[in-house]
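For reference, protein.cif is printed below; it contains mmCIF, C-alpha atoms.
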data_protein
loop_
_atom_site.label_atom_id
_atom_site.label_comp_id
_atom_site.auth_asym_id
_atom_site.auth_seq_id
_atom_site.Cartn_x
_atom_site.Cartn_y
_atom_site.Cartn_z
CA MET A 1 0.00 0.00 0.00
CA ARG A 2 2.79 2.35 0.98
CA ILE A 3 4.91 1.33 -2.01
CA GLN A 4 1.92 1.86 -4.30
CA TYR A 5 1.24 5.29 -2.75
CA ILE A 6 4.83 6.47 -3.21
CA LYS A 7 4.86 5.13 -6.78
CA GLN A 8 1.70 7.14 -7.56
CA VAL A 9 3.16 10.30 -5.98
CA LYS A 10 6.29 9.93 -8.12
CA LYS A 11 4.10 9.72 -11.22
CA HIS A 12 2.40 13.04 -10.46
CA LEU A 13 5.47 15.01 -9.37
CA TYR A 14 6.83 17.55 -11.87
CA VAL A 15 9.70 18.90 -9.77
CA SER A 16 13.46 18.62 -10.25
CA ASP A 17 15.10 15.23 -9.62
CA LYS A 18 16.76 16.65 -6.53
CA ILE A 19 13.44 17.69 -4.94
CA ARG A 20 11.72 14.51 -6.11
CA ASN A 21 14.35 12.33 -4.41
CA LYS A 22 14.08 14.36 -1.21
CA ILE A 23 10.28 14.13 -1.21
CA ILE A 24 10.34 10.35 -1.70
CA ALA A 25 12.91 9.89 1.09
CA ASP A 26 10.81 12.12 3.39
CA LEU A 27 7.65 10.23 2.52
CA GLU A 28 9.34 6.98 3.53
CA GLU A 29 10.44 8.65 6.77
CA THR A 30 6.88 9.92 7.39
CA PHE A 31 5.47 6.40 7.07
CA ASP A 32 8.16 5.12 9.48
CA SER A 33 7.45 7.93 11.97
CA GLY A 34 3.73 7.24 11.73
CA TYR A 35 4.43 3.57 12.47
CA GLU A 36 6.55 4.59 15.50
CA ASN A 37 3.60 6.64 16.72
CA GLY A 38 1.15 3.79 16.30
CA LYS A 39 -0.37 4.86 12.99
CA SER A 40 -1.18 2.35 10.28
CA GLU A 41 -0.32 2.89 6.63
CA GLU A 42 -4.02 3.53 5.92
CA GLU A 43 -4.16 6.26 8.59
CA MET A 44 -0.98 7.85 7.24
CA ILE A 45 -2.36 7.85 3.70
CA ALA A 46 -5.58 9.47 4.96
CA GLN A 47 -3.44 12.16 6.61
CA LEU A 48 -1.21 12.71 3.56
CA GLY A 49 -4.12 12.97 1.13
CA SER A 50 -4.43 11.26 -2.24
CA PRO A 51 -1.16 10.81 -4.17
CA GLN A 52 -2.40 13.35 -6.73
CA ASP A 53 -3.24 15.91 -3.98
CA PHE A 54 0.08 15.34 -2.25
CA ALA A 55 2.02 15.77 -5.50
CA ASP A 56 -0.06 18.85 -6.41
CA GLU A 57 0.82 20.49 -3.09
CA VAL A 58 4.51 19.89 -3.73
CA ASN A 59 4.22 21.05 -7.36
CA ASN A 60 2.45 24.22 -6.21
CA ALA A 61 4.98 24.88 -3.48
CA GLU A 62 7.70 24.55 -6.10
CA GLY A 63 5.92 27.07 -8.31
CA ILE A 64 4.80 24.59 -10.97
CA SER A 65 1.28 25.46 -12.09
CA ALA A 66 -1.46 23.15 -13.35
CA THR A 67 -1.13 24.71 -16.84
CA GLU A 68 2.57 23.91 -16.92
CA ILE A 69 1.84 20.32 -15.89
CA ARG A 70 -0.74 19.97 -18.68
CA THR A 71 1.74 21.37 -21.21
CA ARG A 72 4.44 18.96 -20.05
CA LEU A 73 2.00 16.03 -20.32
CA LYS A 74 1.12 17.06 -23.87
CA ILE A 75 4.81 17.31 -24.79
CA LYS A 76 5.46 13.88 -23.25
CA ARG A 77 2.62 12.37 -25.26
CA LEU A 78 3.81 14.05 -28.46
CA ILE A 79 7.35 12.74 -27.94
CA ALA A 80 6.01 9.21 -27.31
CA ILE A 81 3.91 9.28 -30.50
CA THR A 82 6.86 10.64 -32.53
CA ILE A 83 9.16 7.91 -31.19
CA VAL A 84 6.65 5.18 -32.08
CA CYS A 85 6.19 6.60 -35.62
CA LEU A 86 9.95 6.89 -36.14
CA ALA A 87 10.45 3.35 -34.83
CA VAL A 88 7.88 1.97 -37.30
CA VAL A 89 9.54 3.81 -40.20
CA ALA A 90 13.01 2.69 -39.08
CA LEU A 91 11.87 -0.93 -38.80
CA PHE A 92 10.32 -0.79 -42.26
CA LEU A 93 13.53 0.65 -43.75
CA LEU A 94 15.69 -1.87 -41.91
CA LEU A 95 13.60 -4.79 -43.18
CA ASN A 96 13.86 -3.51 -46.74
CA VAL A 97 17.62 -3.10 -46.46
CA ILE A 98 18.00 -6.62 -45.05
CA SER A 99 15.68 -7.94 -47.72
CA MET A 100 17.84 -6.27 -50.38
CA ILE A 101 21.12 -7.56 -48.91
CA THR A 102 19.98 -11.16 -48.39
CA GLY A 103 17.85 -11.23 -51.50
CA GLN A 104 15.03 -12.79 -49.50
CA PRO A 105 11.54 -11.28 -49.18
CA VAL A 106 10.24 -10.01 -45.85
CA PHE A 107 7.19 -12.28 -46.02
CA ILE A 108 6.85 -15.66 -47.69
CA TYR A 109 3.52 -16.43 -49.25
CA GLU A 110 2.66 -20.10 -49.04
CA SER A 111 0.58 -21.78 -51.71
CA ASP A 112 -2.22 -22.48 -49.23
CA GLY A 113 -2.61 -18.75 -48.57
CA LEU A 114 -0.53 -18.65 -45.37
CA VAL A 115 1.80 -15.71 -44.89
CA ILE A 116 4.85 -16.46 -42.83
CA ALA A 117 7.74 -14.27 -41.84
CA SER A 118 11.06 -14.99 -43.51
CA ALA A 119 14.24 -15.65 -41.54
CA PRO A 120 15.70 -12.10 -41.86
CA PHE A 121 12.40 -10.62 -40.69
CA LEU A 122 12.32 -12.90 -37.65
CA ILE A 123 15.96 -12.14 -36.83
CA VAL A 124 15.31 -8.40 -36.96
CA MET A 125 12.16 -8.69 -34.83
CA ILE A 126 13.89 -10.84 -32.21
CA SER A 127 16.90 -8.47 -32.14
CA VAL A 128 14.63 -5.44 -31.69
CA ALA A 129 12.68 -7.23 -28.91
CA LEU A 130 15.93 -8.23 -27.16
CA PHE A 131 17.33 -4.71 -27.49
CA LEU A 132 14.16 -3.16 -26.02
CA SER A 133 14.10 -5.68 -23.15
CA LEU A 134 17.73 -4.91 -22.40
CA LEU A 135 16.99 -1.17 -22.42
CA MET A 136 14.08 -1.67 -20.03
CA ILE A 137 16.16 -3.81 -17.67
CA LEU A 138 18.94 -1.20 -17.67
CA PHE A 139 16.42 1.58 -17.04
CA ARG A 140 14.87 -0.35 -14.13
CA LEU A 141 18.28 -1.11 -12.65
CA ARG A 142 19.29 2.53 -12.86
CA ARG A 143 16.09 3.63 -11.09
CA ASN A 144 16.56 1.02 -8.37
CA ILE A 145 20.15 2.07 -7.82
CA CYS A 146 19.06 5.73 -7.63
CA SER A 147 16.30 5.02 -5.10
CA LYS A 148 18.67 2.81 -3.07
CA TYR A 149 21.17 5.67 -3.06
CA ASN A 150 18.46 8.04 -1.79
CA ASP A 151 17.58 5.60 0.99
CA ASP A 152 21.19 5.55 2.06
CA ILE A 153 21.63 9.30 2.32
CA MET B 1 -14.78 33.41 6.58
CA ASP B 2 -13.78 32.63 3.00
CA GLY B 3 -11.04 29.98 3.11
CA HIS B 4 -9.12 31.98 0.52
CA TYR B 5 -8.27 34.68 3.11
CA ALA B 6 -7.02 32.11 5.64
CA GLN B 7 -4.88 30.53 2.88
CA GLN B 8 -3.28 33.87 2.06
CA PHE B 9 -2.45 34.62 5.71
CA LYS B 10 -1.08 31.12 6.16
CA LYS B 11 1.06 31.37 3.04
CA GLY B 12 2.70 34.51 4.37
CA SER B 13 3.44 33.20 7.83
CA LEU B 14 4.11 29.47 7.47
CA GLU B 15 7.86 29.86 7.08
CA MET B 16 8.05 31.92 10.28
CA ILE B 17 5.86 29.40 12.11
CA LEU B 18 8.04 26.48 11.01
CA LEU B 19 11.18 28.37 11.98
CA SER B 20 9.64 29.03 15.43
CA ILE B 21 8.86 25.33 15.92
CA ILE B 22 12.41 24.31 14.97
CA ASN B 23 13.79 27.10 17.17
CA SER B 24 11.92 25.69 20.17
CA GLN B 25 13.48 22.24 19.74
CA ALA B 26 15.52 20.16 17.29
CA THR B 27 12.87 18.05 15.66
CA TYR B 28 11.92 15.84 12.70
CA GLY B 29 9.33 16.14 9.92
CA TYR B 30 6.52 14.13 11.49
CA GLU B 31 6.84 15.96 14.81
CA ILE B 32 6.91 19.38 13.11
CA ILE B 33 3.62 18.65 11.36
CA THR B 34 2.07 17.21 14.53
CA ILE B 35 2.97 20.35 16.54
CA LEU B 36 1.86 22.63 13.71
CA ASN B 37 -1.58 21.02 13.47
CA LYS B 38 -2.03 20.65 17.23
CA LEU B 39 -1.32 24.32 17.96
CA GLY B 40 -2.50 25.93 14.74
CA GLY B 41 -4.90 23.51 13.06
CA GLU B 42 -8.00 25.27 14.26
CA ILE B 43 -7.01 28.67 12.85
CA LEU B 44 -4.65 27.79 10.00
CA GLY B 45 -6.48 24.68 8.86
CA PHE B 46 -4.87 21.26 8.60
CA THR B 47 -1.39 21.50 7.06
CA ARG B 48 -0.07 18.52 5.20
CA GLU B 49 3.40 17.16 4.52
CA GLY B 50 3.25 18.12 0.84
CA THR B 51 3.13 21.79 1.83
CA VAL B 52 5.69 21.66 4.62
CA TYR B 53 8.52 19.65 3.03
CA PRO B 54 9.33 22.09 0.19
CA ILE B 55 9.48 24.96 2.72
CA LEU B 56 11.89 22.96 4.89
CA TYR B 57 14.08 22.33 1.83
CA ARG B 58 14.12 26.03 0.99
CA MET B 59 15.02 26.99 4.55
CA GLU B 60 17.78 24.38 4.57
CA GLU B 61 19.08 25.71 1.26
CA ALA B 62 19.08 29.24 2.70
CA GLU B 63 21.03 27.89 5.71
CA LEU B 64 18.31 28.94 8.15
CA ILE B 65 18.06 25.39 9.40
CA THR B 66 20.39 22.45 9.27
CA CYS B 67 19.61 18.79 9.13
CA SER B 68 21.43 15.86 10.71
CA ILE B 69 20.76 12.19 10.17
CA GLU B 70 19.87 9.91 13.07
CA PRO B 71 18.88 6.26 13.00
CA ALA B 72 15.11 5.76 13.31
CA ALA B 73 13.75 3.56 16.10
CA ALA B 74 11.35 1.68 13.81
CA ASN B 75 13.87 -0.06 11.54
CA GLY B 76 17.26 0.31 9.97
CA ARG B 77 16.27 3.53 8.24
CA VAL B 78 17.25 7.09 9.13
CA LYS B 79 15.46 10.16 10.42
CA LYS B 80 16.27 13.76 9.50
CA ILE B 81 16.55 16.01 12.54
CA TYR B 82 16.19 19.71 11.83
CA SER B 83 17.76 22.37 14.04
CA ILE B 84 18.02 26.13 13.67
CA THR B 85 21.28 27.83 12.67
CA PRO B 86 22.55 31.19 13.99
CA LYS B 87 21.46 32.69 10.66
CA GLY B 88 18.02 31.14 11.19
CA LYS B 89 17.77 32.60 14.69
CA GLU B 90 18.68 36.02 13.32
CA THR B 91 16.10 35.70 10.52
CA LEU B 92 13.44 34.55 13.00
CA ARG B 93 14.16 37.58 15.17
CA GLU B 94 13.80 39.89 12.16
CA LEU B 95 10.62 38.15 11.06
CA THR B 96 9.14 38.30 14.57
CA ASP B 97 9.95 42.03 14.83
CA PHE B 98 8.36 42.60 11.46
CA TRP B 99 5.33 40.52 12.41
CA ASN B 100 4.77 42.49 15.62
CA ASN B 101 5.00 45.78 13.74
CA TYR B 102 2.75 44.37 11.04
CA VAL B 103 0.07 43.45 13.59
CA LEU B 104 0.32 46.94 15.15
CA CYS B 105 0.06 48.53 11.72
CA VAL B 106 -2.97 46.46 10.66
CA ASN B 107 -4.63 47.03 14.05
CA SER B 108 -4.20 50.77 13.65
CA PHE B 109 -6.18 50.55 10.40
CA ILE B 110 -8.85 48.41 12.02
CA SER B 111 -9.20 50.91 14.88
CA LEU B 112 -9.63 53.77 12.36
CA GLU B 113 -13.35 53.08 12.16
CA SER B 114 -13.92 53.56 15.92
CA GLU B 115 -11.78 56.74 15.88
CA VAL B 116 -13.84 58.21 13.03
CA ARG B 117 -17.04 57.47 14.97
#

Kindly return the structure encoded in the file as structure tokens.
Amino acid sequence: MRIQYIKQVKKHLYVSDKIRNKIIADLEETFDSGYENGKSEEEMIAQLGSPQDFADEVNNAEGISATEIRTRLKIKRLIAITIVCLAVVALFLLLNVISMITGQPVFIYESDGLVIASAPFLIVMISVALFLSLLMILFRLRRNICSKYNDDI
Amino acid sequence: MDGHYAQQFKKGSLEMILLSIINSQATYGYEIITILNKLGGEILGFTREGTVYPILYRMEEAELITCSIEPAAANGRVKKIYSITPKGKETLRELTDFWNNYVLCVNSFISLESEVR
């Protein structure tokens, strides 16, 4: 419950990394202090307010307005869409290049109407999937190391 | 009274209030908020952690308060203990002087009505 709460707060914070890390460390400390004073996680969450409210208070105190948050969300969404579009185009180009080099088509059309992916296509897809998985693992590791570091200080 | 007025007053005085609490004793986040709401909750309204933490960071940055790390009783984690610095004491004195003059000044305006009568 506490982990979920902190995760949600992180999602709604639009402050610098420095402030974000401090807030998360202090939130952990607040839950611990509440526990020391006989308060359950539920009671502490009721006191802190919803994750969105908590994050909004911090954002406001840091001078980040609701309009600015909306703009940043829009930019984030736009960047995500652009990346997906570029990735699709890049994959298409890559498949064509491989198809040209190997002389094999991207898809093989079977006589019974089945369409199966050719070996180069599969290799590219598996490589892309592996690369993305690796990126995600690295990203997760980095975040864990960062939060561990914040716990230590 | 419209909550908006109370918010404005609170906004202007919260830093001084927090500095006063830390001046009275070296303390940690949870205790600061408990004292703040116990003494001031009725007038200022309930103050939450999300409002207080950023002010504490700003005061620490401005070297008005300092923070030391102590092990927490609950588990292997740590607790941040805030205490006031000489600069903080000086600032609190200035703020208190200003506040007292401010109250006198505002009161003099309020009493204008009875004088006119």

> With distances taken over all atoms listed in the file, which of B:Glu42, B:Glu70, B:Glu113, B:Glu94 is nearest to chain A?
Replying inline: B:Glu70

>> For the PyMOL selection byres ((chain A) within 7 of (chain B)), applied here, can you spell out every residue it catches as a list of chain:residue names?
In response: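 That selection, the PyMOL selection byres ((chain A) within 7 of (chain B)), comes back as A:Glu29, A:Thr30, A:Asp32, A:Ser33, A:Glu36, A:Leu48, A:Phe54, A:Ala55, A:Glu57, A:Val58, A:Ala61, A:Glu62.
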
>> For a test of reading the model, state the distance in Å between CA of Arg2 (chain A) and CA of Ser40 (chain A), rounded to one decimal.
In response: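 Separation between CA of Arg2 (chain A) and CA of Ser40 (chain A): 10.1 Å.
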
> Hey, can you check how far CA of Phe121 (chain A) sits from CA of Leu134 (chain A)?
Replying inline: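 That distance, rounded to one decimal, is 19.9 Å.
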
>> Just to confirm, what's the straight-line distance from CA of Leu91 (chain A) to CA of Val115 (chain A) in Å (one decimal)?
In response: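 Straight-line distance from CA of Leu91 (chain A) to CA of Val115 (chain A) works out to 18.9 Å.
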
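By only C-alpha atoms, and with residues fewer than 2 positions from Gln4 (chain A) along its chain excluded, the set lying at most 12 Å from it is A:Met1, A:Arg2, A:Ile6, A:Lys7, A:Gln8, A:Val9, A:Lys10, A:Lys11, A:Glu28, A:Glu41, A:Glu42, A:Ile45, A:Ser50, A:Pro51.
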
> Between B:Leu19, B:Leu56, B:Ile110, B:Ala6, which one has atoms that come closest to Ile43 (chain B), using only C-alpha atoms?
Replying inline: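 Closest residue, counting only C-alpha atoms: B:Ala6.
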
>> Please list, as number ranges by chain, the residues that have an atom at most 8 Å away from (-1.5, 39.4, 7.7) in the coordinates of this file, counting all atoms listed in the file.
In response: B: 9, 12-13, 102-103, 106

>> List as an MDAnalysis selection string the protein and nucleic acid residues near Ile65 (chain B), meaning an atom at most 7 Å away when only C-alpha atoms are counted, but skip any in the same chain fewer than 6 places from it.
In response: chainID B and resid 59 82:85 88

>> Which polymer residues, whether protein, DNA or RNA, lie within 7 Å of the coordinate (-9.2, 27.3, 5.8) when you count all atoms listed in the file? List them as an NGL selection string, using the chain letters and numbers from the file.
In response: :B and (3 or 6-7 or 44-45)

>> Applying the PyMOL selection byres ((chain A and resi 120) around 9) to the file I just gave you, which residues come out? Please list them as a list in words.
In response: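 Output of the PyMOL selection byres ((chain A and resi 120) around 9): Leu95, Ile98, Ser99, Thr102, Gln104, Pro105, Val106, Ala117, Ser118, Ala119, Phe121, Leu122, Ile123, Val124 and Met125 of chain A.
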
Please save C-alpha atoms of the selected residues as a compact mmCIF listing (two decimals), in the frame of the given file.
# COMPACT_ATOMS: atom_id res chain seq x y z
CA LEU A 95 13.60 -4.79 -43.18
CA ILE A 98 18.00 -6.62 -45.05
CA SER A 99 15.68 -7.94 -47.72
CA THR A 102 19.98 -11.16 -48.39
CA GLN A 104 15.03 -12.79 -49.50
CA PRO A 105 11.54 -11.28 -49.18
CA VAL A 106 10.24 -10.01 -45.85
CA ALA A 117 7.74 -14.27 -41.84
CA SER A 118 11.06 -14.99 -43.51
CA ALA A 119 14.24 -15.65 -41.54
CA PHE A 121 12.40 -10.62 -40.69
CA LEU A 122 12.32 -12.90 -37.65
CA ILE A 123 15.96 -12.14 -36.83
CA VAL A 124 15.31 -8.40 -36.96
CA MET A 125 12.16 -8.69 -34.83

Subset file as a short mmCIF file (atom, residue, chain, number, x, y, z; two decimals), in the first residue's frame: region 36-103 of chain B, C-alpha atoms:
data_model
loop_
_atom_site.label_atom_id
_atom_site.label_comp_id
_atom_site.auth_asym_id
_atom_site.auth_seq_id
_atom_site.Cartn_x
_atom_site.Cartn_y
_atom_site.Cartn_z
CA LEU B 36 1.86 22.63 13.71
CA ASN B 37 -1.58 21.02 13.47
CA LYS B 38 -2.03 20.65 17.23
CA LEU B 39 -1.32 24.32 17.96
CA GLY B 40 -2.50 25.93 14.74
CA GLY B 41 -4.90 23.51 13.06
CA GLU B 42 -8.00 25.27 14.26
CA ILE B 43 -7.01 28.67 12.85
CA LEU B 44 -4.65 27.79 10.00
CA GLY B 45 -6.48 24.68 8.86
CA PHE B 46 -4.87 21.26 8.60
CA THR B 47 -1.39 21.50 7.06
CA ARG B 48 -0.07 18.52 5.20
CA GLU B 49 3.40 17.16 4.52
CA GLY B 50 3.25 18.12 0.84
CA THR B 51 3.13 21.79 1.83
CA VAL B 52 5.69 21.66 4.62
CA TYR B 53 8.52 19.65 3.03
CA PRO B 54 9.33 22.09 0.19
CA ILE B 55 9.48 24.96 2.72
CA LEU B 56 11.89 22.96 4.89
CA TYR B 57 14.08 22.33 1.83
CA ARG B 58 14.12 26.03 0.99
CA MET B 59 15.02 26.99 4.55
CA GLU B 60 17.78 24.38 4.57
CA GLU B 61 19.08 25.71 1.26
CA ALA B 62 19.08 29.24 2.70
CA GLU B 63 21.03 27.89 5.71
CA LEU B 64 18.31 28.94 8.15
CA ILE B 65 18.06 25.39 9.40
CA THR B 66 20.39 22.45 9.27
CA CYS B 67 19.61 18.79 9.13
CA SER B 68 21.43 15.86 10.71
CA ILE B 69 20.76 12.19 10.17
CA GLU B 70 19.87 9.91 13.07
CA PRO B 71 18.88 6.26 13.00
CA ALA B 72 15.11 5.76 13.31
CA ALA B 73 13.75 3.56 16.10
CA ALA B 74 11.35 1.68 13.81
CA ASN B 75 13.87 -0.06 11.54
CA GLY B 76 17.26 0.31 9.97
CA ARG B 77 16.27 3.53 8.24
CA VAL B 78 17.25 7.09 9.13
CA LYS B 79 15.46 10.16 10.42
CA LYS B 80 16.27 13.76 9.50
CA ILE B 81 16.55 16.01 12.54
CA TYR B 82 16.19 19.71 11.83
CA SER B 83 17.76 22.37 14.04
CA ILE B 84 18.02 26.13 13.67
CA THR B 85 21.28 27.83 12.67
CA PRO B 86 22.55 31.19 13.99
CA LYS B 87 21.46 32.69 10.66
CA GLY B 88 18.02 31.14 11.19
CA LYS B 89 17.77 32.60 14.69
CA GLU B 90 18.68 36.02 13.32
CA THR B 91 16.10 35.70 10.52
CA LEU B 92 13.44 34.55 13.00
CA ARG B 93 14.16 37.58 15.17
CA GLU B 94 13.80 39.89 12.16
CA LEU B 95 10.62 38.15 11.06
CA THR B 96 9.14 38.30 14.57
CA ASP B 97 9.95 42.03 14.83
CA PHE B 98 8.36 42.60 11.46
CA TRP B 99 5.33 40.52 12.41
CA ASN B 100 4.77 42.49 15.62
CA ASN B 101 5.00 45.78 13.74
CA TYR B 102 2.75 44.37 11.04
CA VAL B 103 0.07 43.45 13.59
#
